[in-house]
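Colleague: Handing over data.txt, compact mmCIF, C-alpha atoms.
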# COMPACT_ATOMS: atom_id res chain seq x y z
CA MET A 1 -61.38 43.74 -21.30
CA ALA A 2 -64.58 45.36 -22.52
CA GLU A 3 -67.67 44.40 -20.52
CA LYS A 4 -69.66 41.30 -21.46
CA SER A 5 -73.44 41.36 -21.59
CA ASP A 6 -75.72 38.45 -20.72
CA PHE A 7 -77.96 39.45 -23.62
CA PHE A 8 -75.21 38.51 -26.07
CA GLN A 9 -75.50 34.91 -24.85
CA SER A 10 -79.21 34.75 -25.68
CA GLN A 11 -80.48 32.39 -28.35
CA THR A 12 -81.57 35.32 -30.51
CA VAL A 13 -78.03 36.68 -30.66
CA LYS A 14 -76.47 33.23 -31.12
CA ASP A 15 -78.79 32.52 -34.05
CA PHE A 16 -77.94 35.83 -35.69
CA ASN A 17 -74.22 35.30 -35.17
CA GLN A 18 -74.45 31.92 -36.88
CA GLU A 19 -76.37 33.47 -39.73
CA ILE A 20 -73.82 36.20 -40.52
CA GLU A 21 -70.98 33.70 -40.18
CA LYS A 22 -72.27 32.07 -43.39
CA TYR A 23 -71.29 35.28 -45.18
CA HIS A 24 -67.83 35.45 -43.55
CA LEU A 25 -68.94 38.22 -41.22
CA GLY A 26 -68.39 38.55 -37.49
CA PRO A 27 -70.20 40.03 -34.47
CA LEU A 28 -68.17 42.79 -32.86
CA TRP A 29 -70.60 42.87 -29.92
CA ASN A 30 -69.39 39.40 -28.91
CA ALA A 31 -65.81 39.71 -30.10
CA ILE A 32 -64.72 42.96 -28.50
CA PRO A 33 -64.50 41.68 -24.89
CA GLU A 34 -62.08 38.96 -26.04
CA LEU A 35 -60.07 41.16 -28.40
CA MET A 36 -59.68 44.42 -26.48
CA HIS A 37 -58.40 43.73 -22.97
CA LYS A 38 -57.79 46.41 -20.39
CA GLN A 39 -54.13 45.31 -20.33
CA PRO A 40 -51.98 42.90 -22.37
CA THR A 41 -52.86 39.21 -22.09
CA SER A 42 -50.08 37.06 -23.54
CA HIS A 43 -50.74 33.74 -25.24
CA ALA A 44 -47.06 32.95 -24.77
CA VAL A 45 -46.25 31.47 -21.37
CA ALA A 46 -43.24 31.73 -19.11
CA TYR A 47 -41.03 28.72 -19.75
CA LEU A 48 -37.52 27.35 -19.15
CA TRP A 49 -35.49 24.95 -21.30
CA LYS A 50 -32.64 23.20 -19.46
CA TRP A 51 -29.23 22.98 -21.12
CA GLU A 52 -29.10 19.24 -20.44
CA THR A 53 -32.14 18.77 -22.67
CA LEU A 54 -30.98 21.11 -25.43
CA TYR A 55 -27.49 19.62 -25.57
CA ALA A 56 -28.76 16.03 -25.61
CA LYS A 57 -31.12 16.73 -28.50
CA LEU A 58 -28.47 18.62 -30.47
CA MET A 59 -26.12 15.67 -30.12
CA GLU A 60 -28.86 13.35 -31.39
CA ALA A 61 -29.56 15.72 -34.28
CA ARG A 62 -25.93 15.71 -35.41
CA GLU A 63 -26.26 12.01 -36.25
CA ILE A 64 -29.34 12.60 -38.40
CA PHE A 65 -29.19 16.04 -40.00
CA THR A 66 -26.29 17.61 -41.88
CA PRO A 67 -26.19 20.74 -44.05
CA ASP A 68 -25.46 18.45 -47.04
CA ARG A 69 -28.86 16.81 -46.58
CA GLY A 70 -30.71 20.10 -46.91
CA GLY A 71 -32.69 22.07 -44.37
CA GLU A 72 -30.18 24.97 -44.43
CA ARG A 73 -29.27 24.79 -40.73
CA ARG A 74 -28.98 22.20 -37.94
CA ALA A 75 -31.03 24.26 -35.52
CA ILE A 76 -33.60 23.29 -32.89
CA TYR A 77 -35.96 26.12 -32.04
CA LEU A 78 -37.61 26.80 -28.70
CA GLN A 79 -41.36 26.37 -29.19
CA ASN A 80 -43.43 28.21 -26.61
CA PRO A 81 -46.08 25.79 -25.27
CA GLY A 82 -48.70 28.52 -25.31
CA LEU A 83 -48.30 29.12 -29.06
CA THR A 84 -48.38 25.60 -30.49
CA ASN A 85 -51.83 26.25 -32.01
CA ARG A 86 -50.26 28.61 -34.56
CA GLN A 87 -50.13 26.84 -37.90
CA PRO A 88 -47.81 25.96 -39.50
CA TRP A 89 -45.15 24.86 -37.02
CA GLY A 90 -46.37 27.11 -34.20
CA TRP A 91 -44.88 29.89 -36.36
CA ALA A 92 -41.61 28.83 -34.66
CA SER A 93 -42.63 31.17 -31.84
CA THR A 94 -40.58 31.39 -28.65
CA THR A 95 -42.48 34.53 -27.74
CA GLN A 96 -45.40 36.05 -29.60
CA THR A 97 -42.97 38.01 -31.78
CA LEU A 98 -39.55 36.29 -31.63
CA TYR A 99 -37.95 32.96 -32.57
CA ALA A 100 -34.97 31.53 -30.70
CA ALA A 101 -32.98 28.39 -31.45
CA VAL A 102 -29.77 26.56 -30.64
CA GLN A 103 -27.64 25.78 -33.68
CA LEU A 104 -24.83 23.24 -34.01
CA LEU A 105 -22.07 23.37 -36.63
CA LEU A 106 -19.50 20.59 -36.72
CA PRO A 107 -15.87 20.85 -37.91
CA GLY A 108 -15.63 20.85 -41.69
CA GLU A 109 -19.29 21.71 -42.21
CA THR A 110 -20.70 24.61 -44.23
CA ALA A 111 -24.12 26.15 -43.72
CA PRO A 112 -24.89 27.75 -47.11
CA SER A 113 -25.36 31.48 -47.56
CA HIS A 114 -28.85 32.92 -47.93
CA ARG A 115 -30.79 36.06 -47.14
CA HIS A 116 -34.31 36.87 -45.98
CA THR A 117 -36.55 39.64 -44.74
CA GLN A 118 -36.31 38.35 -41.18
CA SER A 119 -33.60 40.01 -39.11
CA ALA A 120 -31.23 37.70 -37.22
CA LEU A 121 -28.68 37.78 -34.44
CA ARG A 122 -26.43 35.22 -32.78
CA PHE A 123 -24.88 34.72 -29.36
CA ILE A 124 -21.98 32.26 -29.20
CA MET A 125 -22.41 29.70 -26.43
CA GLN A 126 -19.63 27.15 -27.02
CA GLY A 127 -16.64 26.50 -29.23
CA ASP A 128 -14.40 28.40 -31.64
CA GLY A 129 -12.96 28.03 -35.13
CA ALA A 130 -16.21 28.66 -37.02
CA TYR A 131 -17.06 31.86 -38.83
CA SER A 132 -20.07 33.70 -40.16
CA ILE A 133 -19.71 35.57 -43.41
CA VAL A 134 -22.09 38.53 -43.81
CA GLN A 135 -22.11 40.60 -47.00
CA GLY A 136 -18.61 39.37 -47.82
CA GLU A 137 -17.10 39.94 -44.35
CA ARG A 138 -15.94 37.03 -42.17
CA PHE A 139 -16.37 37.04 -38.40
CA PHE A 140 -14.64 34.22 -36.54
CA MET A 141 -16.79 33.38 -33.54
CA GLU A 142 -15.70 32.89 -29.93
CA GLU A 143 -17.68 32.22 -26.76
CA GLY A 144 -19.57 35.29 -25.58
CA ASP A 145 -19.49 37.08 -28.93
CA PHE A 146 -22.62 38.77 -30.26
CA LEU A 147 -23.26 38.97 -34.01
CA THR A 148 -26.01 40.84 -35.78
CA THR A 149 -27.43 40.24 -39.26
CA PRO A 150 -30.27 42.64 -40.11
CA LYS A 151 -32.70 41.73 -42.86
CA ASP A 152 -31.72 41.20 -46.51
CA LEU A 153 -28.00 40.66 -45.86
CA TRP A 154 -26.29 37.59 -47.34
CA HIS A 155 -24.98 35.34 -44.56
CA GLY A 156 -23.61 31.82 -44.14
CA HIS A 157 -21.40 29.83 -41.77
CA ALA A 158 -18.43 27.50 -42.07
CA HIS A 159 -16.31 25.64 -39.52
CA LEU A 160 -12.51 25.51 -39.87
CA GLY A 161 -11.86 24.36 -36.28
CA ASP A 162 -11.81 20.95 -34.61
CA LYS A 163 -14.57 21.14 -31.95
CA PRO A 164 -18.38 21.47 -32.21
CA MET A 165 -19.68 25.03 -32.31
CA ILE A 166 -22.99 25.92 -30.64
CA TRP A 167 -24.74 29.26 -30.67
CA MET A 168 -28.10 30.88 -30.04
CA ASP A 169 -30.05 32.28 -32.96
CA CYS A 170 -32.82 34.86 -32.59
CA LEU A 171 -34.97 36.12 -35.46
CA ASP A 172 -38.23 38.03 -35.79
CA ILE A 173 -39.80 35.14 -37.75
CA PRO A 174 -43.22 35.23 -36.02
CA THR A 175 -43.56 38.98 -36.56
CA ILE A 176 -42.66 38.90 -40.24
CA TYR A 177 -44.82 35.82 -40.83
CA ALA A 178 -47.81 37.45 -39.14
CA ILE A 179 -47.66 40.62 -41.24
CA GLY A 180 -47.04 38.77 -44.50
CA GLY A 181 -43.57 40.12 -45.25
CA THR A 182 -41.57 36.91 -45.77
CA PHE A 183 -39.02 36.71 -48.61
CA PHE A 184 -36.15 34.19 -48.80
CA GLU A 185 -33.36 33.75 -51.33
CA SER A 186 -30.49 31.25 -51.58
CA TYR A 187 -27.03 32.45 -52.56
CA PRO A 188 -26.07 31.47 -56.15
CA GLU A 189 -23.01 29.55 -54.92
CA ARG A 190 -22.78 27.43 -51.77
CA ILE A 191 -21.27 30.12 -49.56
CA GLU A 192 -20.29 33.72 -50.13
CA GLN A 193 -16.58 34.48 -50.37
CA PRO A 194 -14.83 37.33 -48.49
CA ASN A 195 -14.53 40.68 -50.28
CA VAL A 196 -13.07 42.70 -47.37
CA PRO A 197 -10.49 41.79 -44.69
CA ASP A 198 -11.70 39.73 -41.72
CA TYR A 199 -13.13 41.86 -38.89
CA PHE A 200 -13.26 44.84 -41.23
CA SER A 201 -16.27 46.53 -39.61
CA PRO A 202 -15.29 46.00 -35.93
CA GLY A 203 -11.82 47.31 -36.77
CA ARG A 204 -13.34 50.55 -38.00
CA TYR A 205 -14.88 51.08 -34.55
CA GLU A 206 -11.98 50.16 -32.28
CA GLY A 207 -11.98 53.74 -31.02
CA GLY A 208 -15.07 53.08 -28.94
CA MET A 209 -17.08 56.28 -28.52
CA VAL A 210 -16.03 57.69 -31.88
CA ARG A 211 -17.14 56.75 -35.38
CA PRO A 212 -15.54 56.92 -38.82
CA ILE A 213 -16.53 60.10 -40.61
CA SER A 214 -17.80 58.00 -43.51
CA ASP A 215 -20.56 56.74 -41.18
CA ARG A 216 -22.11 60.12 -40.53
CA GLU A 217 -24.93 58.75 -42.65
CA PRO A 218 -26.30 55.81 -40.60
CA LYS A 219 -25.77 52.26 -41.84
CA ILE A 220 -27.86 49.21 -41.09
CA ALA A 221 -24.96 47.07 -39.78
CA PRO A 222 -21.73 49.06 -39.41
CA VAL A 223 -20.44 46.51 -36.86
CA GLY A 224 -21.25 42.86 -37.46
CA SER A 225 -19.45 41.33 -34.48
CA TYR A 226 -19.20 42.49 -30.85
CA LYS A 227 -16.44 40.66 -28.95
CA TRP A 228 -16.99 39.24 -25.47
CA SER A 229 -13.83 40.89 -24.16
CA GLN A 230 -15.26 44.33 -24.95
CA THR A 231 -18.65 43.50 -23.44
CA LEU A 232 -17.01 42.16 -20.29
CA ALA A 233 -14.90 45.32 -19.96
CA ALA A 234 -18.05 47.44 -20.16
CA LEU A 235 -19.73 45.39 -17.42
CA LYS A 236 -16.64 45.63 -15.22
CA GLY A 237 -16.77 49.40 -15.58
CA LEU A 238 -20.43 49.50 -14.57
CA SER A 239 -19.73 47.22 -11.61
CA ARG A 240 -17.88 50.03 -9.85
CA PHE A 241 -21.28 51.66 -9.25
CA GLU A 242 -24.60 50.67 -7.73
CA PRO A 243 -26.58 48.13 -9.79
CA ASP A 244 -29.88 48.99 -11.39
CA PRO A 245 -32.55 47.72 -8.94
CA TYR A 246 -34.38 45.82 -11.69
CA ASP A 247 -31.66 44.65 -14.08
CA GLY A 248 -28.37 44.67 -12.18
CA TYR A 249 -25.51 45.70 -14.46
CA ALA A 250 -26.75 45.67 -18.04
CA VAL A 251 -25.48 46.93 -21.37
CA GLU A 252 -27.29 47.07 -24.69
CA PHE A 253 -25.66 46.30 -28.04
CA ILE A 254 -26.19 49.29 -30.31
CA ASN A 255 -25.59 50.39 -33.87
CA PRO A 256 -22.83 52.98 -33.35
CA SER A 257 -23.71 54.88 -36.51
CA ASN A 258 -27.19 55.84 -35.30
CA GLY A 259 -27.29 55.04 -31.56
CA LYS A 260 -30.24 52.65 -31.95
CA THR A 261 -30.40 48.92 -31.27
CA ALA A 262 -27.84 46.85 -33.16
CA ASN A 263 -30.70 44.98 -34.80
CA PRO A 264 -33.65 47.14 -35.92
CA ASN A 265 -36.35 44.78 -34.58
CA ILE A 266 -34.61 42.94 -31.74
CA ALA A 267 -32.90 44.48 -28.73
CA ALA A 268 -29.96 42.55 -27.27
CA TRP A 269 -28.49 42.95 -23.77
CA MET A 270 -25.79 41.40 -21.63
CA GLN A 271 -26.45 41.56 -17.90
CA LYS A 272 -24.29 40.84 -14.90
CA LEU A 273 -26.17 39.87 -11.75
CA PRO A 274 -23.67 39.80 -8.88
CA GLY A 275 -23.87 36.91 -6.43
CA GLY A 276 -26.58 37.55 -3.83
CA PHE A 277 -28.28 40.23 -5.94
CA HIS A 278 -32.10 40.16 -5.72
CA SER A 279 -33.74 42.51 -8.19
CA LYS A 280 -37.04 44.22 -7.65
CA ALA A 281 -39.96 43.02 -9.73
CA HIS A 282 -41.37 44.90 -12.68
CA ARG A 283 -43.16 44.22 -15.94
CA HIS A 284 -43.20 45.70 -19.43
CA THR A 285 -45.05 45.23 -22.67
CA SER A 286 -41.98 43.81 -24.41
CA SER A 287 -41.23 40.10 -24.04
CA SER A 288 -37.74 38.71 -23.37
CA ILE A 289 -35.71 35.56 -23.97
CA TYR A 290 -32.74 34.94 -21.64
CA GLN A 291 -29.73 32.69 -22.21
CA VAL A 292 -27.73 31.95 -19.08
CA PHE A 293 -24.15 32.37 -20.29
CA LYS A 294 -22.53 31.87 -16.90
CA GLY A 295 -23.69 31.37 -13.32
CA SER A 296 -26.84 30.20 -11.60
CA GLY A 297 -29.86 31.56 -9.79
CA CYS A 298 -33.59 31.86 -10.27
CA SER A 299 -36.26 34.15 -11.65
CA ILE A 300 -39.75 34.62 -10.27
CA ILE A 301 -42.32 35.21 -13.01
CA ASN A 302 -45.91 35.95 -11.97
CA GLY A 303 -45.25 34.20 -8.67
CA VAL A 304 -43.63 31.06 -10.16
CA ARG A 305 -39.99 30.28 -9.39
CA PHE A 306 -37.76 29.22 -12.31
CA ASP A 307 -34.35 27.87 -11.26
CA TRP A 308 -31.67 28.33 -13.92
CA SER A 309 -28.02 27.51 -14.47
CA GLN A 310 -25.43 27.85 -17.23
CA GLY A 311 -26.77 27.13 -20.71
CA ASP A 312 -30.47 27.37 -19.84
CA PHE A 313 -33.01 29.47 -21.75
CA LEU A 314 -35.85 31.38 -20.08
CA VAL A 315 -38.84 33.17 -21.60
CA ILE A 316 -40.55 36.11 -19.91
CA PRO A 317 -43.83 36.90 -21.72
CA ASN A 318 -45.00 40.45 -22.23
CA TRP A 319 -46.59 42.18 -19.23
CA ALA A 320 -45.42 39.48 -16.79
CA TRP A 321 -44.09 40.42 -13.36
CA HIS A 322 -40.50 39.22 -13.04
CA GLU A 323 -37.48 39.49 -10.75
CA HIS A 324 -34.09 37.76 -10.63
CA ILE A 325 -31.99 36.28 -7.81
CA ALA A 326 -28.35 35.39 -8.46
CA ALA A 327 -26.87 32.52 -6.44
CA GLU A 328 -23.42 33.48 -7.77
CA ASP A 329 -22.13 35.99 -10.29
CA ALA A 330 -24.31 35.41 -13.34
CA TYR A 331 -23.99 36.68 -16.89
CA MET A 332 -27.22 36.60 -18.88
CA PHE A 333 -27.63 37.38 -22.54
CA SER A 334 -31.15 38.49 -23.44
CA VAL A 335 -33.17 39.59 -26.43
CA SER A 336 -36.47 41.42 -26.50
CA ASP A 337 -39.01 42.83 -28.92
CA SER A 338 -38.83 46.31 -27.37
CA PRO A 339 -37.88 47.91 -30.75
CA ILE A 340 -41.13 46.53 -32.21
CA MET A 341 -43.10 47.88 -29.26
CA ASP A 342 -41.32 51.22 -29.61
CA LYS A 343 -42.25 51.45 -33.30
CA PHE A 344 -45.92 51.09 -32.39
CA GLU A 345 -45.52 53.35 -29.32
CA LEU A 346 -46.76 50.52 -27.09
CA GLN A 347 -43.82 50.11 -24.72
CA ARG A 348 -44.86 50.59 -21.10
CA GLU A 349 -43.23 49.58 -17.82
CA GLU A 350 -44.59 49.21 -14.31
CA SER A 351 -42.87 48.54 -10.97
CA TYR A 352 -44.14 46.04 -8.42
CA GLU A 353 -44.89 48.09 -5.33
CA ALA A 354 -46.03 45.52 -2.74
CA ASP A 355 -43.65 43.82 -0.27
CA SER A 356 -40.67 46.06 -1.07
CA GLY A 357 -40.87 45.09 -4.74
CA HIS A 358 -40.75 41.30 -4.28
CA GLN A 359 -43.39 38.78 -5.30
CA THR A 360 -44.70 35.92 -3.19
CA VAL A 361 -43.65 32.56 -4.62
CA VAL A 362 -46.73 30.38 -5.08
CA ASP A 363 -45.32 27.63 -7.33
CA GLU A 364 -42.11 26.21 -8.79
CA PHE A 365 -41.50 25.36 -12.45
CA LYS A 366 -40.56 21.74 -13.18
CA PRO A 367 -38.44 21.50 -16.36
CA LEU A 368 -38.57 18.64 -18.86
CA LEU A 369 -35.36 16.61 -18.86
CA PRO A 370 -34.21 13.94 -21.37
So, in terms of C-alpha cells, how does the structure I just supplied come out?
Modeller:
Amino acid sequence: MAEKSDFFQSQTVKDFNQEIEKYHLGPLWNAIPELMHKQPTSHAVAYLWKWETLYAKLMEAREIFTPDRGGERRAIYLQNPGLTNRQPWGWASTTQTLYAAVQLLLPGETAPSHRHTQSALRFIMQGDGAYSIVQGERFFMEEGDFLTTPKDLWHGHAHLGDKPMIWMDCLDIPTIYAIGGTFFESYPERIEQPNVPDYFSPGRYEGGMVRPISDREPKIAPVGSYKWSQTLAALKGLSRFEPDPYDGYAVEFINPSNGKTANPNIAAWMQKLPGGFHSKAHRHTSSSIYQVFKGSGCSIINGVRFDWSQGDFLVIPNWAWHEHIAAEDAYMFSVSDSPIMDKFELQREESYEADSGHQTVVDEFKPLLP
C-alpha cells in the first residue's frame, strides 16, 4: 500500500478531517494507504462448506419453503464470512464478485420463469427428471451437466421425475449489484413453454470442433447444456498426456460460436486430479469457487489445509496461494471471475517458487457441521 505518515495522525489533521466530513468530503492523504495496496488484498476469505451441512439444511428448507409460497427459488447461498458487512444480505457474496448457492427442486414442483441482468450458470450435483427451460428450449438435467444462462434470457425450472434434484447455481450478483446494473422481470405466465425441440442447441453442435454456418455471427448462448458424458470424454483424452502442474487435467466450457467463455462474466471449468497428484502452488487475481463432484483430497490456501470430499464447496479468494492434493481420482467443477478481470485487464498469475512449489502447512481449517 502507499506509505503512511505519522503527521497524518496528528490532532491538526484529525480535526481538519472531521471538519471536511461535515460537507461529505474525504481526505485522500489518509485514505490512499488503505485504498491503493501494492497488491490485491481480498476481503473475502478462504472457506469450505461441507456437504453434510448443505444437505441437512436443504432438507430442512424443503419442509418450510416451496415455490408456491414465493421467493422464486428454494436456494441456500454460500455467504463468505469476510463479506457479511455488505448490506443488504452480504450482497449474497461467496467471493467479492460471485454468488454461489445450492438449489433443491422436488418432484412436481415448478420454479417460475424470470429474467435478470445477472448472468447465471448451473452444475447438476444430484438427481434427474427435472428440466430448465431457457428462451423456449428445454434442457433435461443429469448429474455432471453444465448449463449456462447469460443475462436477460428467460429461464425457469420444472421437475417431472420422482427424486429430489440438487444443483449448484452461480451468478455475478455481487458484481452487478455493486455497479448498479440490476434489473429483474417475472415471466407473464408461470413458466415459459417450449418453442423449439428439446436439446435443440446442443444438437446443432454435435459435430464438436465445427459450427453451423448460421453461427458465423457469434451468439450469446448457442449451446445451453453441456453433457457430462462429453466433458468426461474430453478429460479422458487429456489424461493420456502429462497433467498441468498447477491444475491437473482441466477443460473450460466455451461458447463455440466465438471461442470465449460459455458465460460472458463467469468462467467454468471441470478438472480431473488423478489420485496422488500434488499440484504446485500459484495465485492469480481471479477468485474461484470449487464444487467437489467426485473424490476426495485437500487444498492448501495461504498455508492453511482444507480437507474436502464429494459434495463440498471451497472458495479460493483472489491473489491467494493455493495448491491441491488428490487422495483419489477427483473431479472438481469450478467457476471464477477471470472474464471480469480480463475485461479490466487485471488478470495476473504468479507461481510459488520456494520449496519446489509447495507451501508449508501452518494450520488446518475446521468446518462447521450440523
Colleague: Have a look at A:Tyr47, A:Phe16, A:Phe139, A:Phe333 and name the one nearest to Cys170 of chain A; count only C-alpha atoms.
Modeller: A:Phe333
Colleague: In the coordinates of the file, take the point (-15.0, 37.2, -30.3) and a cut-off of 8 Å; then, counting all atoms listed in the file, name each qualifying protein, DNA or RNA residue as a ChimeraX atom specification.
Modeller: /A:140-146,225-229
Colleague: The selected residues should be written to file as a PDB file, in the coordinates of the input (atoms: C-alpha atoms).
Modeller:
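Output below, filename again_20.pdb:
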ATOM      1  CA  PHE A 140     -14.640  34.220 -36.540  1.00  0.00           C
ATOM      2  CA  MET A 141     -16.790  33.380 -33.540  1.00  0.00           C
ATOM      3  CA  GLU A 142     -15.700  32.890 -29.930  1.00  0.00           C
ATOM      4  CA  GLU A 143     -17.680  32.220 -26.760  1.00  0.00           C
ATOM      5  CA  GLY A 144     -19.570  35.290 -25.580  1.00  0.00           C
ATOM      6  CA  ASP A 145     -19.490  37.080 -28.930  1.00  0.00           C
ATOM      7  CA  PHE A 146     -22.620  38.770 -30.260  1.00  0.00           C
ATOM      8  CA  SER A 225     -19.450  41.330 -34.480  1.00  0.00           C
ATOM      9  CA  TYR A 226     -19.200  42.490 -30.850  1.00  0.00           C
ATOM     10  CA  LYS A 227     -16.440  40.660 -28.950  1.00  0.00           C
ATOM     11  CA  TRP A 228     -16.990  39.240 -25.470  1.00  0.00           C
ATOM     12  CA  SER A 229     -13.830  40.890 -24.160  1.00  0.00           C
TER      13      SER A 229
END
Colleague: Determine, counting all atoms listed in the file, every residue of protein, DNA or RNA that lies within 10 Å of (-22.5, 31.6, -40.9) in the file coordinates, then give the result as a count of residues only.
Modeller: 25
Colleague: Record the distance separating atom CA of Pro256 of chain A and atom CA of Ala100 of chain A, expressed in Å with one decimal.
Modeller: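 Taking atom CA of Pro256 of chain A and atom CA of Ala100 of chain A, their separation equals 24.8 Å.
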Colleague: To one decimal in Å, tell me the separation between atom CA of Gly295 of chain A and atom CA of Gln310 of chain A.
Modeller: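 Taking atom CA of Gly295 of chain A and atom CA of Gln310 of chain A, their separation equals 5.5 Å.
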Colleague: Interatomic distance between atom CA of Ala330 of chain A and atom CA of Tyr77 of chain A?
Modeller: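 If I compute the distance from atom CA of Ala330 of chain A to atom CA of Tyr77 of chain A, I get 23.9 Å.
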Colleague: Please output segment 251-259 of chain A, rebuilt to include all heavy atoms, as a tab-separated table (two decimals), in the frame of the given file.
Modeller:
chain	number	residue	atom	x	y	z
A	251	VAL	N	-25.85	46.10	-20.22
A	251	VAL	CA	-25.48	46.93	-21.37
A	251	VAL	C	-26.28	46.45	-22.58
A	251	VAL	O	-26.64	45.27	-22.68
A	251	VAL	CB	-23.96	46.87	-21.67
A	251	VAL	CG1	-23.17	47.51	-20.55
A	251	VAL	CG2	-23.50	45.44	-21.91
A	252	GLU	N	-26.53	47.37	-23.48
A	252	GLU	CA	-27.29	47.07	-24.69
A	252	GLU	C	-26.38	47.20	-25.91
A	252	GLU	O	-25.61	48.16	-26.01
A	252	GLU	CB	-28.47	48.03	-24.84
A	252	GLU	CG	-29.33	47.76	-26.06
A	252	GLU	CD	-30.56	48.64	-26.12
A	252	GLU	OE1	-30.55	49.73	-25.47
A	252	GLU	OE2	-31.53	48.27	-26.81
A	253	PHE	N	-26.43	46.24	-26.80
A	253	PHE	CA	-25.66	46.30	-28.04
A	253	PHE	C	-26.36	47.28	-28.99
A	253	PHE	O	-27.55	47.14	-29.25
A	253	PHE	CB	-25.57	44.91	-28.67
A	253	PHE	CG	-24.83	43.92	-27.82
A	253	PHE	CD1	-25.52	43.03	-27.01
A	253	PHE	CD2	-23.44	43.88	-27.83
A	253	PHE	CE1	-24.84	42.11	-26.22
A	253	PHE	CE2	-22.75	42.96	-27.03
A	253	PHE	CZ	-23.46	42.08	-26.23
A	254	ILE	N	-25.59	48.25	-29.48
A	254	ILE	CA	-26.19	49.29	-30.31
A	254	ILE	C	-25.49	49.39	-31.67
A	254	ILE	O	-24.38	48.91	-31.85
A	254	ILE	CB	-26.14	50.67	-29.61
A	254	ILE	CG1	-24.69	51.13	-29.42
A	254	ILE	CG2	-26.89	50.64	-28.29
A	254	ILE	CD1	-24.57	52.59	-29.00
A	255	ASN	N	-26.16	50.00	-32.58
A	255	ASN	CA	-25.59	50.39	-33.87
A	255	ASN	C	-24.87	51.72	-33.64
A	255	ASN	O	-25.52	52.74	-33.39
A	255	ASN	CB	-26.72	50.53	-34.89
A	255	ASN	CG	-26.25	51.01	-36.25
A	255	ASN	OD1	-25.24	51.70	-36.39
A	255	ASN	ND2	-27.01	50.68	-37.27
A	256	PRO	N	-23.54	51.75	-33.70
A	256	PRO	CA	-22.83	52.98	-33.35
A	256	PRO	C	-22.98	54.10	-34.37
A	256	PRO	O	-22.59	55.23	-34.09
A	256	PRO	CB	-21.37	52.52	-33.26
A	256	PRO	CG	-21.30	51.33	-34.15
A	256	PRO	CD	-22.63	50.65	-34.05
A	257	SER	N	-23.54	53.82	-35.54
A	257	SER	CA	-23.71	54.88	-36.51
A	257	SER	C	-25.01	55.66	-36.32
A	257	SER	O	-25.17	56.75	-36.88
A	257	SER	CB	-23.65	54.32	-37.95
A	257	SER	OG	-24.81	53.58	-38.27
A	258	ASN	N	-25.94	55.09	-35.53
A	258	ASN	CA	-27.19	55.84	-35.30
A	258	ASN	C	-27.64	55.82	-33.84
A	258	ASN	O	-28.63	56.48	-33.49
A	258	ASN	CB	-28.31	55.31	-36.20
A	258	ASN	CG	-28.67	53.86	-35.94
A	258	ASN	OD1	-28.33	53.28	-34.91
A	258	ASN	ND2	-29.37	53.26	-36.90
A	259	GLY	N	-26.95	55.08	-32.97
A	259	GLY	CA	-27.29	55.04	-31.56
A	259	GLY	C	-28.49	54.17	-31.22
A	259	GLY	O	-28.87	54.09	-30.05
